[in-house]
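Peer 1: Pasting entry19.csv below, which is CSV, C-alpha atoms.
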chain,number,residue,atom,x,y,z
M,909,MET,CA,0.0,0.0,0.0
M,910,GLU,CA,1.1,3.5,-0.8
M,911,ARG,CA,2.5,5.4,2.2
M,912,ILE,CA,3.9,8.9,2.9
M,913,PRO,CA,7.6,8.6,4.1
M,914,ILE,CA,8.5,9.9,7.5
M,915,LEU,CA,12.1,11.0,7.9
M,916,ARG,CA,13.9,11.4,11.3
M,917,MET,CA,16.1,14.4,11.7
M,918,GLY,CA,17.5,14.5,15.3
M,919,GLU,CA,14.6,15.1,17.6
M,920,PHE,CA,12.3,16.0,14.8
M,921,LEU,CA,10.2,14.0,12.3
M,922,LEU,CA,9.9,15.4,8.8
M,923,VAL,CA,6.9,14.5,6.6
M,924,THR,CA,7.0,15.8,3.0
M,925,ILE,CA,3.8,15.4,1.2
M,926,GLN,CA,4.4,15.1,-2.5
M,927,VAL,CA,1.3,13.2,-3.7
M,928,ASP,CA,-2.3,14.3,-4.1
M,929,MET,CA,-3.8,13.3,-0.7
M,930,HIS,CA,-6.6,10.9,-0.8
M,931,ASP,CA,-8.6,10.2,2.3
M,932,ARG,CA,-7.2,6.7,3.0
M,933,LEU,CA,-3.6,8.0,2.7
M,934,ALA,CA,-4.4,10.7,5.2
M,935,THR,CA,-5.7,8.2,7.8
M,936,VAL,CA,-2.6,5.9,7.3
M,937,LEU,CA,-0.3,8.9,7.8
M,938,GLN,CA,-1.9,9.7,11.1
M,939,ASP,CA,-1.4,6.2,12.4
M,940,ASP,CA,2.2,6.0,11.1
M,941,LEU,CA,3.1,9.3,12.8
M,942,ALA,CA,1.7,8.1,16.1
M,943,ASN,CA,3.8,5.0,15.9
M,944,ARG,CA,7.0,6.9,14.9
M,945,ILE,CA,6.6,9.6,17.6
M,946,SER,CA,6.3,6.9,20.1
M,947,ALA,CA,9.2,4.8,18.8
M,948,THR,CA,11.6,7.7,18.3
M,949,ARG,CA,10.4,9.9,21.2
M,950,ALA,CA,10.5,12.8,18.7
M,951,ARG,CA,9.8,16.2,20.2
M,952,GLY,CA,8.6,17.9,17.0
M,953,VAL,CA,6.8,17.0,13.7
M,954,LEU,CA,7.3,19.1,10.6
M,955,ILE,CA,4.8,18.6,7.8
M,956,ASP,CA,5.9,20.1,4.5
M,957,ILE,CA,2.9,20.8,2.3
M,958,SER,CA,4.7,23.0,-0.3
M,959,ALA,CA,3.9,20.5,-3.1
M,960,LEU,CA,0.2,20.4,-2.2
M,961,ASP,CA,-1.9,22.5,-4.6
M,962,MET,CA,-5.1,21.8,-2.7
M,963,VAL,CA,-6.1,21.3,0.9
M,964,ASP,CA,-9.8,20.7,1.6
M,965,SER,CA,-11.6,20.6,4.9
M,966,PHE,CA,-11.0,16.8,5.3
M,967,ILE,CA,-7.2,17.2,4.9
M,968,ALA,CA,-7.2,20.3,7.1
M,969,ARG,CA,-9.0,18.4,9.8
M,970,MET,CA,-6.4,15.6,9.5
M,971,PHE,CA,-3.6,18.2,10.1
M,972,GLY,CA,-5.5,19.4,13.2
M,973,ASP,CA,-5.9,15.8,14.4
M,974,ILE,CA,-2.2,15.1,13.9
M,975,ALA,CA,-1.2,18.3,15.9
M,976,GLN,CA,-3.6,17.3,18.7
M,977,MET,CA,-2.3,13.7,18.8
M,978,ALA,CA,1.3,14.8,18.8
M,979,ARG,CA,0.7,17.3,21.6
M,980,VAL,CA,-0.7,14.5,23.8
M,981,MET,CA,2.5,12.6,23.0
M,982,ASP,CA,4.6,15.7,24.1
M,983,ALA,CA,5.6,16.7,20.5
M,984,GLU,CA,4.9,20.0,18.7
M,985,THR,CA,3.7,20.1,15.1
M,986,ALA,CA,4.4,22.7,12.5
M,987,LEU,CA,2.8,22.8,9.1
M,988,VAL,CA,5.2,24.4,6.6
M,989,GLY,CA,5.2,25.8,3.1
M,990,MET,CA,1.5,26.3,2.4
M,991,GLN,CA,1.0,27.8,-1.0
M,992,PRO,CA,-0.7,31.2,-1.0
M,993,SER,CA,-3.7,30.0,-3.1
M,994,VAL,CA,-4.3,27.2,-0.6
M,995,ALA,CA,-4.1,29.6,2.3
M,996,ILE,CA,-6.6,32.0,0.7
M,997,THR,CA,-9.0,29.1,-0.1
M,998,LEU,CA,-8.9,27.8,3.4
M,999,ALA,CA,-9.5,31.2,4.9
M,1000,GLU,CA,-12.4,31.8,2.5
M,1001,MET,CA,-14.0,28.5,3.4
M,1002,GLY,CA,-13.7,29.3,7.1
M,1003,VAL,CA,-11.2,26.6,8.0
M,1004,SER,CA,-9.2,28.0,10.9
M,1005,LEU,CA,-6.6,25.3,11.6
M,1006,THR,CA,-6.9,26.0,15.3
M,1007,GLY,CA,-4.0,24.6,17.3
M,1008,VAL,CA,-1.8,24.1,14.3
M,1009,ARG,CA,1.5,26.1,14.1
M,1010,THR,CA,2.5,27.2,10.7
M,1011,ALA,CA,5.8,28.5,9.1
M,1012,LEU,CA,6.8,29.6,5.6
M,1013,ASN,CA,9.4,26.8,5.1
M,1014,VAL,CA,11.0,23.8,6.7
M,1015,GLU,CA,13.9,25.9,8.1
M,1016,LYS,CA,11.6,28.4,9.8
M,1017,GLY,CA,9.4,25.6,11.0
M,1018,MET,CA,12.4,24.0,12.6
M,1019,ALA,CA,13.4,27.2,14.3
M,1020,LEU,CA,9.9,27.7,15.6
M,1021,LEU,CA,9.8,24.2,17.1
M,1022,ARG,CA,13.4,24.7,18.6
M,1023,ALA,CA,12.3,28.0,20.2
M,1024,LYS,CA,9.3,26.3,21.7
M,1025,MET,CA,11.4,23.5,23.2
M,1026,GLU,CA,14.0,25.9,24.6
M,1027,GLU,CA,11.2,27.8,26.2
M,1028,GLU,CA,10.0,24.6,27.9
M,1029,ARG,CA,13.5,23.7,29.1
M,1030,ALA,CA,14.0,27.2,30.6
M,1031,ASP,CA,10.7,26.7,32.4
M,1032,ASP,CA,11.9,23.4,33.8
M,1033,HIS,CA,15.1,24.8,35.1
M,1034,ALA,CA,13.7,28.0,36.5
M,1035,PRO,CA,14.5,28.3,40.3
M,1036,ALA,CA,11.6,27.7,42.6
M,1037,GLU,CA,10.4,30.7,44.4
B,1170,MET,CA,-25.0,35.3,-25.3
B,1171,ILE,CA,-23.8,32.2,-23.5
B,1172,THR,CA,-22.1,29.6,-25.6
B,1173,PRO,CA,-21.6,26.1,-24.1
B,1174,ARG,CA,-18.1,24.8,-24.8
B,1175,ARG,CA,-17.7,21.5,-23.1
B,1176,SER,CA,-19.8,19.0,-21.1
B,1177,GLU,CA,-18.3,15.9,-19.6
B,1178,THR,CA,-19.5,13.5,-16.8
B,1179,LEU,CA,-17.2,11.7,-14.4
B,1180,PRO,CA,-18.2,9.0,-11.9
B,1181,VAL,CA,-18.0,9.6,-8.2
B,1182,ARG,CA,-18.2,6.1,-6.9
B,1183,GLU,CA,-15.1,5.5,-4.8
B,1184,ALA,CA,-12.4,7.6,-3.0
B,1185,SER,CA,-10.0,7.4,-5.9
B,1186,ASP,CA,-12.6,9.1,-8.1
B,1187,ILE,CA,-12.2,12.2,-6.0
B,1188,LEU,CA,-8.6,12.5,-7.1
B,1189,LEU,CA,-9.6,12.2,-10.8
B,1190,VAL,CA,-12.3,14.8,-10.3
B,1191,ARG,CA,-9.8,17.2,-8.7
B,1192,GLN,CA,-7.3,16.7,-11.6
B,1193,PHE,CA,-10.0,17.1,-14.3
B,1194,VAL,CA,-11.3,20.3,-12.7
B,1195,ARG,CA,-7.8,21.7,-12.4
B,1196,GLU,CA,-7.1,20.9,-16.0
B,1197,CYS,CA,-10.3,22.5,-17.3
B,1198,ALA,CA,-9.9,25.6,-15.1
B,1199,THR,CA,-6.4,26.1,-16.3
B,1200,GLU,CA,-7.4,25.7,-19.9
B,1201,LEU,CA,-10.2,28.2,-19.4
B,1202,GLY,CA,-7.8,30.8,-18.1
B,1203,PHE,CA,-8.7,31.0,-14.4
B,1204,SER,CA,-6.0,32.3,-12.2
B,1205,VAL,CA,-4.1,29.9,-9.9
B,1206,PHE,CA,-6.2,31.3,-7.0
B,1207,ASP,CA,-9.5,30.6,-8.8
B,1208,GLN,CA,-8.3,27.2,-9.9
B,1209,THR,CA,-7.5,26.2,-6.4
B,1210,LYS,CA,-11.0,27.4,-5.2
B,1211,LEU,CA,-12.7,25.4,-7.9
B,1212,VAL,CA,-10.7,22.3,-7.2
B,1213,THR,CA,-11.3,22.6,-3.5
B,1214,ALA,CA,-15.0,23.1,-3.9
B,1215,ALA,CA,-15.0,20.0,-6.2
B,1216,SER,CA,-13.2,18.0,-3.6
B,1217,GLU,CA,-15.7,18.9,-0.9
B,1218,LEU,CA,-18.8,18.3,-3.0
B,1219,GLY,CA,-17.4,15.1,-4.4
B,1220,ARG,CA,-16.8,13.8,-0.9
B,1221,ASN,CA,-20.4,14.7,0.0
B,1222,THR,CA,-21.7,12.8,-3.0
B,1223,LEU,CA,-19.6,9.8,-2.1
B,1224,ILE,CA,-20.2,9.8,1.7
B,1225,HIS,CA,-23.7,11.2,2.1
B,1226,GLY,CA,-25.1,10.4,-1.3
B,1227,GLY,CA,-23.7,6.9,-1.6
B,1228,GLY,CA,-21.9,7.8,-4.9
B,1229,GLY,CA,-23.1,9.6,-8.0
B,1230,THR,CA,-21.6,11.7,-10.8
B,1231,MET,CA,-20.0,15.0,-11.5
B,1232,ARG,CA,-20.8,16.9,-14.7
B,1233,LEU,CA,-18.4,19.6,-15.7
B,1234,GLU,CA,-19.5,22.3,-18.2
B,1235,THR,CA,-17.7,25.3,-19.5
B,1236,PHE,CA,-19.3,28.4,-21.1
B,1237,VAL,CA,-18.2,31.5,-22.9
B,1238,GLU,CA,-20.3,34.6,-22.3
B,1239,ASN,CA,-19.1,37.7,-24.2
B,1240,ASP,CA,-15.6,38.2,-22.7
B,1241,ARG,CA,-15.9,36.0,-19.6
B,1242,ARG,CA,-15.7,32.3,-19.2
B,1243,GLY,CA,-17.5,30.0,-16.8
B,1244,LEU,CA,-17.0,26.6,-15.3
B,1245,ARG,CA,-20.0,24.8,-13.8
B,1246,LEU,CA,-19.9,21.6,-11.6
B,1247,THR,CA,-23.0,19.6,-11.0
B,1248,PHE,CA,-22.8,16.8,-8.5
B,1249,GLU,CA,-25.7,14.4,-8.5
B,1250,ASP,CA,-26.6,11.4,-6.4
B,1251,LYS,CA,-29.6,9.1,-5.7
B,1252,GLY,CA,-28.9,9.0,-2.0
B,1253,PRO,CA,-31.2,9.7,1.0
B,1254,GLY,CA,-31.4,13.4,0.2
B,1255,ILE,CA,-31.1,16.4,2.7
B,1256,PRO,CA,-34.1,16.9,4.9
B,1257,ASP,CA,-33.1,20.4,6.0
B,1258,ILE,CA,-30.9,22.2,3.4
B,1259,GLU,CA,-30.5,25.4,5.5
B,1260,GLN,CA,-29.2,23.4,8.4
B,1261,ALA,CA,-26.8,21.4,6.1
B,1262,MET,CA,-25.4,24.6,4.7
B,1263,SER,CA,-24.7,26.1,8.1
B,1264,ASP,CA,-21.0,26.1,9.3
B,1265,GLY,CA,-20.2,23.4,11.8
B,1266,PHE,CA,-23.2,21.2,11.0
B,1267,THR,CA,-21.9,17.6,10.5
B,1268,THR,CA,-23.4,14.2,10.5
B,1269,LYS,CA,-20.2,12.3,9.8
B,1270,GLY,CA,-17.6,13.8,12.1
B,1271,GLY,CA,-16.1,16.2,9.5
B,1272,LEU,CA,-15.5,19.9,10.0
B,1273,GLY,CA,-19.0,20.7,8.8
B,1274,LEU,CA,-17.7,23.1,6.2
B,1275,GLY,CA,-18.3,21.1,3.1
B,1276,LEU,CA,-21.5,22.7,1.7
B,1277,GLY,CA,-21.2,26.2,3.3
B,1278,GLY,CA,-17.5,26.4,2.6
B,1279,SER,CA,-17.9,25.4,-1.0
B,1280,LYS,CA,-20.6,28.0,-1.5
B,1281,ARG,CA,-18.1,30.7,-0.5
B,1282,LEU,CA,-15.6,29.5,-3.1
B,1283,VAL,CA,-17.9,30.0,-6.1
B,1284,ASP,CA,-20.1,32.7,-7.7
B,1285,GLU,CA,-23.3,30.7,-8.0
B,1286,PHE,CA,-24.4,27.8,-5.8
B,1287,GLU,CA,-27.6,25.8,-5.8
B,1288,VAL,CA,-28.7,22.7,-3.8
B,1289,VAL,CA,-31.8,20.8,-4.9
B,1290,SER,CA,-32.7,17.8,-2.8
B,1291,ARG,CA,-35.6,15.5,-2.2
B,1292,VAL,CA,-35.7,13.1,0.7
B,1293,GLY,CA,-35.5,9.5,-0.5
B,1294,GLU,CA,-34.7,10.6,-4.1
B,1295,GLY,CA,-31.3,12.3,-4.1
B,1296,THR,CA,-29.4,15.5,-4.2
B,1297,ARG,CA,-28.1,17.8,-6.9
B,1298,VAL,CA,-25.5,20.5,-6.1
B,1299,THR,CA,-24.5,23.1,-8.8
B,1300,ALA,CA,-21.5,25.3,-8.4
B,1301,THR,CA,-20.4,27.9,-11.0
B,1302,ARG,CA,-17.5,30.3,-11.1
B,1303,TRP,CA,-16.7,32.9,-13.7
B,1304,THR,CA,-13.4,34.3,-14.8
Take the structure from the file and write it as structure tokens.

Peer 2:
Amino acid sequence: MERIPILRMGEFLLVTIQVDMHDRLATVLQDDLANRISATRARGVLIDISALDMVDSFIARMFGDIAQMARVMDAETALVGMQPSVAITLAEMGVSLTGVRTALNVEKGMALLRAKMEEERADDHAPAE
Amino acid sequence: MITPRRSETLPVREASDILLVRQFVRECATELGFSVFDQTKLVTAASELGRNTLIHGGGGTMRLETFVENDRRGLRLTFEDKGPGIPDIEQAMSDGFTTKGGLGLGLGGSKRLVDEFEVVSRVGEGTRVTATRWT
């Protein structure tokens, strides 16, 4: 069966979506990511959608579900590289992608997740009052 | 005067048909001279409506027609199924209304992506959704 590859980069997982998403593929990706986050103890998930020329409400909901699931497993998710026409279409439809962090590209997404993790570490080491 | 240019019907019977529908709409919208933004809106609306036909209507068809009217061009999508029909169209069109655990933006969201939108449905007979966008 067709699958979307998940690459490990240090403490991050990188998913680059390069095929037109059909509903079944979206569901499989969600399951695969849950397994990989658990197996690798990844702290962040980057989903690169720069090759996607369409994101409908079903696919948008899947991204929201992935972010939600990753958060429960102590990992942050960033959706990166959304094409301008996709962003406008989602906004016009009223899809808000609540709870999903976004960045312009993989580099910026990684910086965003790193900053978030540093912030958490600083909180952990803050002296007790 | 409106001149019809093209009329083709595609099946919407299984999940993979939605991919073909998207590709075909993208192709025709490009050919007609729609901007990338408008192409994406049409393809997204087709994907939403196609999924409705499949999931709620139990499968059906999509007819794609193109028109030329003076200096503008139009693309019309008609999704038809012989499913259970929609008892309350107004409710089905409202944001957040969902019976199958989606975002509830399929119908209302698609309407916002096109210029003309019509839903005709009879309980027990089926549903027809027509969406048109002009260049």

Peer 1: Give me, as CSV, the closest atom pair and its distance (Å, one decimal) for every residue of chain M within a cut-off of 12 Å of chain B, counting only C-alpha atoms, rows sorted by chain and rising number.

Peer 2:
residue,atom,partner,partner_atom,distance
M:Val927,CA,B:Leu1188,CA,10.5
M:Asp928,CA,B:Leu1188,CA,7.2
M:Met929,CA,B:Leu1188,CA,8.0
M:His930,CA,B:Leu1188,CA,6.8
M:Asp931,CA,B:Ala1184,CA,7.0
M:Arg932,CA,B:Ala1184,CA,8.0
M:Leu933,CA,B:Ala1184,CA,10.5
M:Ala934,CA,B:Ala1184,CA,11.9
M:Leu960,CA,B:Thr1209,CA,10.5
M:Asp961,CA,B:Thr1209,CA,6.9
M:Met962,CA,B:Thr1209,CA,6.2
M:Val963,CA,B:Thr1213,CA,6.9
M:Asp964,CA,B:Thr1213,CA,5.6
M:Ser965,CA,B:Leu1272,CA,6.5
M:Phe966,CA,B:Gly1271,CA,6.6
M:Ile967,CA,B:Gly1271,CA,10.1
M:Ala968,CA,B:Leu1272,CA,8.8
M:Arg969,CA,B:Leu1272,CA,6.7
M:Met970,CA,B:Gly1271,CA,9.7
M:Gly972,CA,B:Leu1272,CA,10.5
M:Asp973,CA,B:Gly1271,CA,11.3
M:Gln991,CA,B:Phe1206,CA,10.0
M:Pro992,CA,B:Phe1206,CA,8.1
M:Ser993,CA,B:Phe1206,CA,4.8
M:Val994,CA,B:Thr1209,CA,6.7
M:Ala995,CA,B:Phe1206,CA,9.7
M:Ile996,CA,B:Phe1206,CA,7.7
M:Thr997,CA,B:Lys1210,CA,5.7
M:Leu998,CA,B:Gly1278,CA,8.7
M:Ala999,CA,B:Gly1278,CA,9.6
M:Glu1000,CA,B:Arg1281,CA,6.5
M:Met1001,CA,B:Gly1278,CA,4.2
M:Gly1002,CA,B:Gly1278,CA,6.6
M:Val1003,CA,B:Leu1274,CA,7.6
M:Ser1004,CA,B:Leu1272,CA,10.3
M:Leu1005,CA,B:Leu1272,CA,10.5
M:Thr1006,CA,B:Leu1272,CA,11.8

Peer 1: Record the distance separating atom CA of B:Asp1250 and atom CA of B:Leu1218, expressed in Å with one decimal.

Peer 2: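 A separation of 11.0 Å between them.
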
Peer 1: At a cut-off of 10 Å, using only C-alpha atoms, what residues contact M:Asp939? Leave out same-chain residues fewer than 5 positions from it and give the result as a CSV table (one decimal) with C-alpha atoms, in the coordinates of the input.

Peer 2:
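In the end it all went to result.csv:
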chain,number,residue,atom,x,y,z
M,934,ALA,CA,-4.4,10.7,5.2
M,944,ARG,CA,7.0,6.9,14.9
M,974,ILE,CA,-2.2,15.1,13.9
M,977,MET,CA,-2.3,13.7,18.8

Peer 1: Could you pull the residues within 9 Å of B:Arg1174, counting all atoms listed in the file, minus those fewer than 5 positions along the same chain, as a ChimeraX atom specification?

Peer 2: /B:1234-1237

Peer 1: For C-alpha atoms, I'd like the residues from the last selection saved as a PDB file, in the frame of the given file.

Peer 2:
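Written file, part-v4.pdb:
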ATOM      1  CA  GLU B1234     -19.500  22.300 -18.200  1.00  0.00           C
ATOM      2  CA  THR B1235     -17.700  25.300 -19.500  1.00  0.00           C
ATOM      3  CA  PHE B1236     -19.300  28.400 -21.100  1.00  0.00           C
ATOM      4  CA  VAL B1237     -18.200  31.500 -22.900  1.00  0.00           C
TER       5      VAL B1237
END

Peer 1: Counting all atoms listed in the file, which residues come within 8 Å of (7.1, 19.6, 10.1), with the point read in the file's coordinates, and could you list them as a count of residues only?

Peer 2: 16

Peer 1: Do a neighbour search on M:Ala950 at 10 Å with only C-alpha atoms, toss out local chain neighbours closer than 6 positions, and write the hits as an mmCIF file with C-alpha atoms, in the frame of the given file.

Peer 2:
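The resulting out_27.cif:
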data_model
loop_
_atom_site.group_PDB
_atom_site.id
_atom_site.type_symbol
_atom_site.label_atom_id
_atom_site.label_comp_id
_atom_site.auth_asym_id
_atom_site.auth_seq_id
_atom_site.Cartn_x
_atom_site.Cartn_y
_atom_site.Cartn_z
ATOM 1 C CA ARG M 916 13.900 11.400 11.300
ATOM 2 C CA MET M 917 16.100 14.400 11.700
ATOM 3 C CA GLY M 918 17.500 14.500 15.300
ATOM 4 C CA GLU M 919 14.600 15.100 17.600
ATOM 5 C CA PHE M 920 12.300 16.000 14.800
ATOM 6 C CA LEU M 921 10.200 14.000 12.300
ATOM 7 C CA ARG M 944 7.000 6.900 14.900
ATOM 8 C CA ALA M 978 1.300 14.800 18.800
ATOM 9 C CA MET M 981 2.500 12.600 23.000
ATOM 10 C CA ASP M 982 4.600 15.700 24.100
ATOM 11 C CA ALA M 983 5.600 16.700 20.500
ATOM 12 C CA GLU M 984 4.900 20.000 18.700
#

Peer 1: Return stretch 929-954 of chain M, completed with N, CA and C atoms, as an mmCIF file, in the coordinates of the input.

Peer 2:
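File written: part_33.cif
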data_model
loop_
_atom_site.group_PDB
_atom_site.id
_atom_site.type_symbol
_atom_site.label_atom_id
_atom_site.label_comp_id
_atom_site.auth_asym_id
_atom_site.auth_seq_id
_atom_site.Cartn_x
_atom_site.Cartn_y
_atom_site.Cartn_z
ATOM 1 N N MET M 929 -3.336 14.065 -1.859
ATOM 2 C CA MET M 929 -3.800 13.300 -0.700
ATOM 3 C C MET M 929 -5.170 12.712 -0.918
ATOM 4 N N HIS M 930 -5.273 11.398 -0.854
ATOM 5 C CA HIS M 930 -6.600 10.900 -0.800
ATOM 6 C C HIS M 930 -6.914 10.467 0.639
ATOM 7 N N ASP M 931 -8.167 10.280 0.935
ATOM 8 C CA ASP M 931 -8.600 10.200 2.300
ATOM 9 C C ASP M 931 -7.944 9.020 3.071
ATOM 10 N N ARG M 932 -7.778 7.908 2.392
ATOM 11 C CA ARG M 932 -7.200 6.700 3.000
ATOM 12 C C ARG M 932 -5.738 6.989 3.402
ATOM 13 N N LEU M 933 -5.015 7.653 2.482
ATOM 14 C CA LEU M 933 -3.600 8.000 2.700
ATOM 15 C C LEU M 933 -3.463 8.882 3.923
ATOM 16 N N ALA M 934 -4.405 9.792 4.074
ATOM 17 C CA ALA M 934 -4.400 10.700 5.200
ATOM 18 C C ALA M 934 -4.546 9.964 6.525
ATOM 19 N N THR M 935 -5.429 8.991 6.542
ATOM 20 C CA THR M 935 -5.700 8.200 7.800
ATOM 21 C C THR M 935 -4.443 7.366 8.114
ATOM 22 N N VAL M 936 -3.820 6.773 7.072
ATOM 23 C CA VAL M 936 -2.600 5.900 7.300
ATOM 24 C C VAL M 936 -1.489 6.789 7.839
ATOM 25 N N LEU M 937 -1.337 8.000 7.298
ATOM 26 C CA LEU M 937 -0.300 8.900 7.800
ATOM 27 C C LEU M 937 -0.406 9.187 9.243
ATOM 28 N N GLN M 938 -1.631 9.429 9.653
ATOM 29 C CA GLN M 938 -1.900 9.700 11.100
ATOM 30 C C GLN M 938 -1.454 8.572 11.965
ATOM 31 N N ASP M 939 -1.803 7.350 11.576
ATOM 32 C CA ASP M 939 -1.400 6.200 12.400
ATOM 33 C C ASP M 939 0.096 5.986 12.371
ATOM 34 N N ASP M 940 0.715 6.135 11.167
ATOM 35 C CA ASP M 940 2.200 6.000 11.100
ATOM 36 C C ASP M 940 2.897 6.968 11.942
ATOM 37 N N LEU M 941 2.411 8.210 11.955
ATOM 38 C CA LEU M 941 3.100 9.300 12.800
ATOM 39 C C LEU M 941 2.985 8.942 14.241
ATOM 40 N N ALA M 942 1.827 8.471 14.675
ATOM 41 C CA ALA M 942 1.700 8.100 16.100
ATOM 42 C C ALA M 942 2.704 7.074 16.483
ATOM 43 N N ASN M 943 2.875 6.054 15.631
ATOM 44 C CA ASN M 943 3.800 5.000 15.900
ATOM 45 C C ASN M 943 5.274 5.531 15.937
ATOM 46 N N ARG M 944 5.590 6.416 14.963
ATOM 47 C CA ARG M 944 7.000 6.900 14.900
ATOM 48 C C ARG M 944 7.296 7.872 16.023
ATOM 49 N N ILE M 945 6.335 8.682 16.441
ATOM 50 C CA ILE M 945 6.600 9.600 17.600
ATOM 51 C C ILE M 945 6.885 8.758 18.804
ATOM 52 N N SER M 946 6.114 7.720 18.987
ATOM 53 C CA SER M 946 6.300 6.900 20.100
ATOM 54 C C SER M 946 7.636 6.125 20.072
ATOM 55 N N ALA M 947 7.993 5.581 18.904
ATOM 56 C CA ALA M 947 9.200 4.800 18.800
ATOM 57 C C ALA M 947 10.469 5.663 18.872
ATOM 58 N N THR M 948 10.422 6.896 18.357
ATOM 59 C CA THR M 948 11.600 7.700 18.300
ATOM 60 C C THR M 948 11.664 8.769 19.418
ATOM 61 N N ARG M 949 10.590 8.889 20.171
ATOM 62 C CA ARG M 949 10.400 9.900 21.200
ATOM 63 C C ARG M 949 10.717 11.317 20.608
ATOM 64 N N ALA M 950 10.266 11.522 19.394
ATOM 65 C CA ALA M 950 10.500 12.800 18.700
ATOM 66 C C ALA M 950 9.768 13.914 19.501
ATOM 67 N N ARG M 951 10.373 15.111 19.489
ATOM 68 C CA ARG M 951 9.800 16.200 20.200
ATOM 69 C C ARG M 951 9.055 17.188 19.257
ATOM 70 N N GLY M 952 9.258 16.969 17.948
ATOM 71 C CA GLY M 952 8.600 17.900 17.000
ATOM 72 C C GLY M 952 8.290 17.145 15.693
ATOM 73 N N VAL M 953 7.219 17.600 15.028
ATOM 74 C CA VAL M 953 6.800 17.000 13.700
ATOM 75 C C VAL M 953 6.699 18.189 12.740
ATOM 76 N N LEU M 954 7.423 18.085 11.624
ATOM 77 C CA LEU M 954 7.300 19.100 10.600
ATOM 78 C C LEU M 954 6.595 18.476 9.391
#
